[in-house]
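Undergrad: Following this message is one structure expressed as structure tokens.
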Amino acid sequence: MSQLVQVEAQTARMQVGRRGWDWSWLGVIPFFAFAVAFLIWPCFSLVLGSFQDPQGHWTLANIRDLGQPFILEAYWLSIRISLVTALVGGIFGFLLAYAVTQGGLPRFVRSGFLSFGGVASNFAGVPLALAFIATLGRTGLVTAVLKTVFGINIYDRGFNLYTFWGLSLTYLYFQFPLMLLIMAPALDGLKREWREAAENLGATSGEYWRYVALPILMPSILGTMVLLFGNAFGAQATAFALTGGSLNLTTILIGQQITGDVLHNPNLGYALALGMVVVMAVSIGLYTLLQRTTSKWLR
Amino acid sequence: MAFLELADVRKVFNQSVAVEHFTMGIEPGEFVSFLGPSGCGKTTTLRMVAGFERPTSGTISVGGVDITHRPANRRNIGMVFQSYALFPNMTVAENIGFGLKLKHVDSKSIAQRVSHLLEVINLPDKGGRYPAQLSGGQQQRVALARALAIEPQVLLLDEPLSALDAKIRVSLRNEIRAIQRQFGITTIYVTHDQEEALSLSDRIVVMSNGRVEQIGTPLQIYTYPQTTFVASFVGTLNVLRAKVIDPAAGRITVDDQPVMVARSLAQHRAGDMINVALRPEVIGLDGAPGTINQLQGVVEQVTFLGGTIRTQMRFASNSLFFDMFNTPNGKLPQTGQTLTVTFPEASCLLIDGPVGTSATV
Amino acid sequence: MKKVAFWPWLWVVLGGLYFLLPLYATLDFSLRAKRGVLGLTAYASVLHNPKFVQTFAFSLRMAVFTIVVSILLMVPTVYWVHLRVPRLRPMVEFVTLLPFVVPAIVHVFGLIKTYSQPPLVLVVSPALLVGAYVVLSFPYMYRAIDTGLRALDVRTLTEAAQSLGAGWGTILFRVILPNLRVALLSGAFLTFSIVMGELTLALYLAWPAFGPFMYQIGQNRAYEPAALAIISLALTWLSIGLIQLFGRGHAGQAQIAGAK
């Protein structure tokens, strides 16, 4: 109470001293200025650029030109790889999270996996690509072991690390732990009493999962998968280091546009980037929406 | 044979005994409370009846059928949890109808039953709400309706009111009792609140350290506690250190002032020190006929409690407190004043074992 | 009584294999630079590469600058938001999350477009790289400091300091900062591990950083890349390990990074 009075007094003093206007928001100006200078304005200028022609006239031509087959293919490949890794990473990450939180395993398994997940979800980019080359590349360890011990040459059988599935397998290395890290606390949030109440009302374990646990977790599961989608969609370094640009991903295409003018029109490059931001914004929006549903339930 | 039978039930968790030799029969429609401090084994016993824990030994049967090893989801026993445990993803109506849905009851009958139960719990228009949109008291009523919906053989309530505000606690407990009577359902109610247990129950089981201390009606438990634990846990007590003078006549002294007790002191000899307990409400200032016991002491403290006034008194080595109504014209004791208090000889409880000179539990 | 947990064990074993196999393979690979013997040849070759030392030192400098600027910028901001303008909290939070929404490649594209032409030609200055890295550190720094301040009861601390005659500088540097040590360390280590391995920004802004160096080696050599991956992993592991050590085992959200 006294604190409240004090604060009010302070505010009143401030307002009187400064002619009734509160200038305290000025304190966050440096932060916003920094963000505008190094992130927001540059990105906004891309947005502006995608609606201009090289001479600076307003136009929608760049957006229309995104319909060219090789650009659509790039988006489609990016979307496919993001979908696949979000789904597979999501499902297996969830199963693993379930195993370590509810599986009745020793405690060290849980803390070990969660710590490892913290490292692995940060272990992306060049080193990750290098690690997978050493594992599943043409001379990688697993490739070699499969060939010499089991007599299976996976590269003869159509596997190639530098293609869609190889890249997906590599992406999963950071997708899967991310799902684990977000789902483990969500699974911990399932109250023991819910299971007991359900059992009490005659539910089998399967019915409990079908009617109670999964519906409660579904928004977080879907939300996190959307996050995984965005995570893979925006990834560039891993793909670039692994395939060196041979896969026609959107991020790779933008990279090529920066180093050499493959599109013959910088403004089309800006539009390409705009498309990415739109996809990312939509997925983050969806994620927020789904999170809000869960938090409404679990208040 | 009683409807719900617990026969020599025992539960051991990692070598520590949670429940020991629990034997009891509960009649159909009876309302029984398990009362005791936390960790006394009352909730463990309840969870064994529900099927969430398996007894280490002993049997539990309902209606003559042994259910000791039957899984919880096939016992048809309703349970209400302290934390409500409503399913947050279902509406109130879906929560109540959930047990029936699992039994594949047709949706029309479910709807009828749900709306009837919503009337019973006095929330007729809240069926479409989600649990998070209800108050704690409303949620607990829904949990009760959900447990009743499956027409369970036994209803278990695990500290259902502990998470609620004091005012709602009192009104809801009366509501629970009324609904229980209306359905005539055999009920076990776990609580650490003696007032709840005393006001609601047909019988009370007082537990401590995994053992049953006493089973009896609220009146028996309060008036004739059989163990020191029951006496001190249920109600508040003044415990006075007294010296036996004449065991046959029930004559003792408290700080050299003579007191008569209407109980046999046969197992004691003259000169023994014993503990005599007095409920604060049996002590008065005006010696009514038959209250031959009088103690004189000095008023130490007078505390105003609203409707009552609590007076703390000190004798040579003992002390006690008593309450009196705050009547408008009443004369209040003054600190430092010498006062004589009286109490009937029948109201002296004998307590064995070492208890402090004055205990207020 | 206890059922054998078959499925949980299966998932844990499969998950463990998937996690550990690439690490083991990389480690094994990195030790086989000399035919037939296990040895540290690849590591020696990497460490003797003058470019390794140069690029590592460059990235280290960038990381230190980034951490210092980020702390100087974020601590007063988050503190001020807590104390005086809580109504701006959602906006500040939103801005700190933007680096998750904007892919690195789009980010660098925008920086190049904006700062390679007059009036402000910044692409020639490492300040631009540091600025961009500071933005990347926002989500981690903000969350670390925010959590730290929540635990502190900033208002009471500030009022106590004021009543003892402290000015704003004293409050920030003598009262708030020391109490945020653990939070700042965790934010700093995370930022460090991100900056050290960063590729996209450094590559397209054309700086001789550690990330592009690893990429270069990965294109041209066989065994050295594996050694580099192990070194880089060790750095990440060290950072996260230190965070967990200082945060007394509070793993989780604060460590979740975006993809690269």
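Every chain in the structure tokens takes a letter, A first, then B, and so on in the order presented; its residues are numbered from 1, and the ligands are numbered from 1 following the presented order.
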Could you list, as a ChimeraX atom specification, every residue of chain A that has an atom within 6 Å of an atom of chain B, counting only C-alpha atoms?
TA: /A:193-194,199-203,216,297
Undergrad: Just list the residues in stretch 7-235 of chain B DSSP gives alpha helix (DSSP H) on the backbone, as JSON, numbers by chain.
TA: {"B": [42, 43, 44, 45, 46, 47, 48, 49, 50, 92, 93, 94, 95, 96, 97, 98, 99, 100, 101, 102, 107, 108, 109, 110, 111, 112, 113, 114, 115, 116, 117, 118, 119, 120, 136, 137, 138, 139, 140, 141, 142, 143, 144, 145, 146, 147, 148, 149, 166, 167, 168, 169, 170, 171, 172, 173, 174, 175, 176, 177, 178, 179, 180, 181, 182, 183, 194, 195, 196, 197, 198, 199, 200, 218, 219, 220, 221, 222, 223, 228, 229, 230, 231, 232, 233]}
Undergrad: Give me, as a tab-separated table, each residue of chain B that comes within 12 Å of chain C, together with its shortest interatomic pair and the distance in Å at one decimal, counting only C-alpha atoms, with rows ordered by chain and rising residue number.
TA:
residue	atom	partner	partner_atom	distance
B:Glu53	CA	C:Met1	CA	11.2
B:Arg54	CA	C:Met1	CA	9.6
B:Pro55	CA	C:Met1	CA	11.8
B:Thr56	CA	C:Met1	CA	11.0
B:His69	CA	C:Met1	CA	11.7
Undergrad: Would you mind telling me which residue in A:Gly89, A:Gly140, A:Gly67, A:Gly104 lies nearest to A:Gly275 when using only C-alpha atoms?
TA: A:Gly67
Undergrad: Dump as a Markdown table the rows for residues of chain A within 7 Å of chain C: closest atom pair and distance in Å with one decimal, only C-alpha atoms counted, ordered by chain and rising residue number.
TA:
| residue | atom | partner | partner_atom | distance |
| --- | --- | --- | --- | --- |
| A:Ser24 | CA | C:Arg84 | CA | 6.5 |
| A:Trp25 | CA | C:Val85 | CA | 6.3 |
| A:Gly27 | CA | C:Trp80 | CA | 6.6 |
| A:Val28 | CA | C:Thr77 | CA | 5.4 |
| A:Phe31 | CA | C:Leu73 | CA | 6.4 |
| A:Ala35 | CA | C:Val135 | CA | 6.6 |
| A:Phe38 | CA | C:Ala132 | CA | 5.7 |
| A:Leu39 | CA | C:His107 | CA | 6.7 |
| A:Pro42 | CA | C:Gly110 | CA | 4.3 |
| A:Cys43 | CA | C:Gly110 | CA | 5.0 |
| A:Ser45 | CA | C:Gly110 | CA | 6.8 |
| A:Leu46 | CA | C:Gly110 | CA | 5.8 |
| A:Leu95 | CA | C:Trp11 | CA | 6.8 |
| A:Leu96 | CA | C:Trp11 | CA | 5.6 |
| A:Ala99 | CA | C:Pro8 | CA | 4.2 |
| A:Gly103 | CA | C:Pro8 | CA | 5.2 |
| A:Gly104 | CA | C:Ala5 | CA | 7.0 |
| A:Ser115 | CA | C:Ala251 | CA | 6.6 |
| A:Gly118 | CA | C:Gln255 | CA | 5.8 |
| A:Val119 | CA | C:Trp237 | CA | 6.0 |
| A:Ser121 | CA | C:Ile256 | CA | 6.6 |
| A:Asn122 | CA | C:Ala257 | CA | 5.7 |
| A:Phe123 | CA | C:Leu233 | CA | 6.9 |
| A:Ala124 | CA | C:Lys260 | CA | 5.8 |
| A:Gly125 | CA | C:Lys260 | CA | 5.0 |
| A:Val126 | CA | C:Tyr215 | CA | 6.1 |
| A:Pro127 | CA | C:Ala229 | CA | 4.4 |
| A:Leu130 | CA | C:Pro225 | CA | 6.1 |
| A:Ala131 | CA | C:Thr26 | CA | 5.2 |
| A:Phe132 | CA | C:Pro22 | CA | 6.0 |
| A:Ala134 | CA | C:Thr26 | CA | 5.2 |
| A:Thr135 | CA | C:Ala25 | CA | 5.1 |
| A:Leu141 | CA | C:Ala25 | CA | 5.4 |
| A:Leu178 | CA | C:Ile256 | CA | 6.9 |
| A:Leu181 | CA | C:Gly252 | CA | 6.2 |
| A:Asn231 | CA | C:Ala259 | CA | 5.6 |
| A:Ala232 | CA | C:Ala259 | CA | 6.9 |
| A:Gly234 | CA | C:Pro103 | CA | 4.7 |
| A:Ala235 | CA | C:Lys260 | CA | 4.8 |
| A:Gln236 | CA | C:Lys260 | CA | 5.8 |
| A:Ala237 | CA | C:Lys260 | CA | 5.1 |
| A:Thr238 | CA | C:Lys260 | CA | 6.3 |
| A:Ala241 | CA | C:Tyr215 | CA | 6.0 |
| A:Thr251 | CA | C:Ile105 | CA | 6.3 |
| A:Gly255 | CA | C:Ile105 | CA | 6.7 |
| A:Ile258 | CA | C:Phe109 | CA | 6.8 |
| A:Ala273 | CA | C:Val106 | CA | 5.6 |
| A:Val277 | CA | C:Val102 | CA | 6.1 |
| A:Met280 | CA | C:Val101 | CA | 5.6 |
| A:Ala281 | CA | C:Val101 | CA | 6.3 |
Undergrad: Name the residues in contact with A:Asn265 at a cut-off of 12 Å, using only C-alpha atoms, excluding same-chain residues fewer than 3 positions from it; report them as a PyMOL selection string.
TA: chain A and resi 49-50+52-55+61-62+65-66+254+257-258+260-262+268-272
Undergrad: Restrict the selected residues to all heavy atoms and save them as a compact mmCIF listing (two decimals), in the first residue's frame.
TA:
# COMPACT_ATOMS: atom_id res chain seq x y z
N GLY A 49 11.80 -1.86 -51.79
CA GLY A 49 12.50 -2.19 -53.03
C GLY A 49 11.74 -3.21 -53.87
O GLY A 49 11.81 -3.18 -55.10
N SER A 50 11.00 -4.09 -53.20
CA SER A 50 10.31 -5.10 -53.98
C SER A 50 9.10 -4.53 -54.71
O SER A 50 8.54 -5.19 -55.57
CB SER A 50 9.92 -6.30 -53.12
OG SER A 50 9.34 -5.87 -51.92
N GLN A 52 9.46 -1.59 -56.30
CA GLN A 52 10.02 -0.57 -57.19
C GLN A 52 10.76 -1.23 -58.33
O GLN A 52 11.21 -2.37 -58.21
CB GLN A 52 11.00 0.32 -56.41
CG GLN A 52 10.30 1.29 -55.47
CD GLN A 52 11.31 2.00 -54.58
OE1 GLN A 52 12.41 1.52 -54.34
NE2 GLN A 52 10.91 3.16 -54.09
N ASP A 53 10.91 -0.51 -59.43
CA ASP A 53 11.78 -1.01 -60.48
C ASP A 53 13.15 -0.38 -60.28
O ASP A 53 13.32 0.51 -59.44
CB ASP A 53 11.20 -0.74 -61.87
CG ASP A 53 11.05 0.74 -62.15
OD1 ASP A 53 11.72 1.54 -61.47
OD2 ASP A 53 10.26 1.11 -63.04
N PRO A 54 14.17 -0.85 -61.00
CA PRO A 54 15.53 -0.34 -60.77
C PRO A 54 15.61 1.18 -60.87
O PRO A 54 16.51 1.80 -60.29
CB PRO A 54 16.35 -1.02 -61.87
CG PRO A 54 15.61 -2.29 -62.13
CD PRO A 54 14.17 -1.96 -61.95
N GLN A 55 14.69 1.80 -61.57
CA GLN A 55 14.73 3.26 -61.69
C GLN A 55 14.02 3.94 -60.52
O GLN A 55 13.99 5.16 -60.44
CB GLN A 55 14.08 3.72 -63.00
CG GLN A 55 14.94 3.49 -64.22
CD GLN A 55 15.04 2.01 -64.58
OE1 GLN A 55 14.03 1.31 -64.58
NE2 GLN A 55 16.25 1.53 -64.85
N ALA A 61 5.47 -5.41 -60.66
CA ALA A 61 6.06 -6.38 -61.57
C ALA A 61 6.90 -7.41 -60.84
O ALA A 61 6.89 -8.59 -61.19
CB ALA A 61 6.89 -5.66 -62.63
N ASN A 62 7.65 -6.95 -59.82
CA ASN A 62 8.52 -7.88 -59.11
C ASN A 62 7.73 -8.99 -58.44
O ASN A 62 8.12 -10.15 -58.44
CB ASN A 62 9.33 -7.14 -58.06
CG ASN A 62 10.20 -6.07 -58.68
OD1 ASN A 62 10.86 -6.31 -59.68
ND2 ASN A 62 10.15 -4.87 -58.10
N ASP A 65 6.67 -11.30 -60.97
CA ASP A 65 7.79 -12.11 -61.47
C ASP A 65 8.17 -13.24 -60.52
O ASP A 65 8.93 -14.13 -60.90
CB ASP A 65 9.02 -11.22 -61.73
CG ASP A 65 8.81 -10.37 -62.96
OD1 ASP A 65 7.86 -10.68 -63.72
OD2 ASP A 65 9.58 -9.42 -63.17
N LEU A 66 7.69 -13.18 -59.30
CA LEU A 66 7.95 -14.30 -58.39
C LEU A 66 7.32 -15.58 -58.93
O LEU A 66 7.65 -16.67 -58.50
CB LEU A 66 7.39 -14.01 -56.99
CG LEU A 66 8.13 -12.98 -56.14
CD1 LEU A 66 7.44 -12.81 -54.80
CD2 LEU A 66 9.57 -13.40 -55.92
N ILE A 254 18.68 -16.36 -52.71
CA ILE A 254 18.91 -14.99 -52.27
C ILE A 254 20.41 -14.76 -52.11
O ILE A 254 20.95 -13.72 -52.50
CB ILE A 254 18.15 -14.68 -50.96
CG1 ILE A 254 16.65 -14.77 -51.20
CG2 ILE A 254 18.51 -13.30 -50.44
CD1 ILE A 254 15.82 -14.53 -49.96
N GLN A 257 21.90 -14.18 -55.33
CA GLN A 257 21.54 -12.85 -55.81
C GLN A 257 22.46 -11.79 -55.21
O GLN A 257 22.82 -10.82 -55.85
CB GLN A 257 20.07 -12.58 -55.46
CG GLN A 257 19.63 -11.14 -55.60
CD GLN A 257 19.71 -10.67 -57.04
OE1 GLN A 257 19.74 -11.46 -57.97
NE2 GLN A 257 19.80 -9.34 -57.22
N ILE A 258 22.87 -12.00 -53.93
CA ILE A 258 23.75 -11.01 -53.28
C ILE A 258 25.14 -11.04 -53.90
O ILE A 258 25.73 -9.99 -54.20
CB ILE A 258 23.85 -11.28 -51.76
CG1 ILE A 258 22.47 -11.12 -51.11
CG2 ILE A 258 24.85 -10.34 -51.11
CD1 ILE A 258 22.46 -11.49 -49.65
N GLY A 260 26.25 -12.57 -56.91
CA GLY A 260 26.30 -12.29 -58.33
C GLY A 260 24.87 -12.16 -58.80
O GLY A 260 23.98 -12.78 -58.25
N ASP A 261 24.63 -11.33 -59.77
CA ASP A 261 23.25 -11.00 -60.08
C ASP A 261 22.58 -12.07 -60.93
O ASP A 261 22.47 -11.95 -62.14
CB ASP A 261 23.21 -9.64 -60.77
CG ASP A 261 21.82 -9.08 -60.81
OD1 ASP A 261 20.95 -9.62 -60.09
OD2 ASP A 261 21.58 -8.13 -61.54
N VAL A 262 22.11 -13.16 -60.28
CA VAL A 262 21.52 -14.24 -61.07
C VAL A 262 20.14 -13.90 -61.61
O VAL A 262 19.67 -14.48 -62.57
CB VAL A 262 21.39 -15.54 -60.24
CG1 VAL A 262 22.74 -16.17 -60.03
CG2 VAL A 262 20.69 -15.29 -58.94
N LEU A 268 13.87 -7.82 -57.96
CA LEU A 268 13.24 -9.12 -57.89
C LEU A 268 13.81 -9.89 -56.68
O LEU A 268 13.08 -10.61 -55.99
CB LEU A 268 13.49 -9.89 -59.19
CG LEU A 268 12.86 -11.29 -59.28
CD1 LEU A 268 11.37 -11.23 -59.00
CD2 LEU A 268 13.11 -11.89 -60.66
N GLY A 269 15.10 -9.69 -56.44
CA GLY A 269 15.73 -10.29 -55.26
C GLY A 269 15.06 -9.79 -53.99
O GLY A 269 14.78 -10.56 -53.08
N TYR A 270 14.76 -8.49 -53.94
CA TYR A 270 14.07 -7.94 -52.77
C TYR A 270 12.71 -8.60 -52.59
O TYR A 270 12.30 -8.93 -51.48
CB TYR A 270 13.89 -6.41 -52.90
CG TYR A 270 15.18 -5.66 -53.15
CD1 TYR A 270 15.18 -4.46 -53.86
CD2 TYR A 270 16.41 -6.15 -52.68
CE1 TYR A 270 16.35 -3.77 -54.10
CE2 TYR A 270 17.58 -5.46 -52.93
CZ TYR A 270 17.56 -4.27 -53.64
OH TYR A 270 18.71 -3.60 -53.88
N ALA A 271 12.01 -8.78 -53.69
CA ALA A 271 10.68 -9.41 -53.62
C ALA A 271 10.81 -10.84 -53.09
O ALA A 271 9.96 -11.32 -52.32
CB ALA A 271 10.02 -9.41 -55.00
N LEU A 272 11.88 -11.53 -53.52
CA LEU A 272 12.14 -12.88 -53.06
C LEU A 272 12.27 -12.89 -51.52
O LEU A 272 11.70 -13.74 -50.83
CB LEU A 272 13.44 -13.36 -53.69
CG LEU A 272 13.69 -14.84 -53.90
CD1 LEU A 272 12.57 -15.45 -54.70
CD2 LEU A 272 15.02 -15.04 -54.61
Undergrad: So how far away is atom CA of B:Ala249 from atom CA of B:Val298, in Å?
TA: 28.6 Å
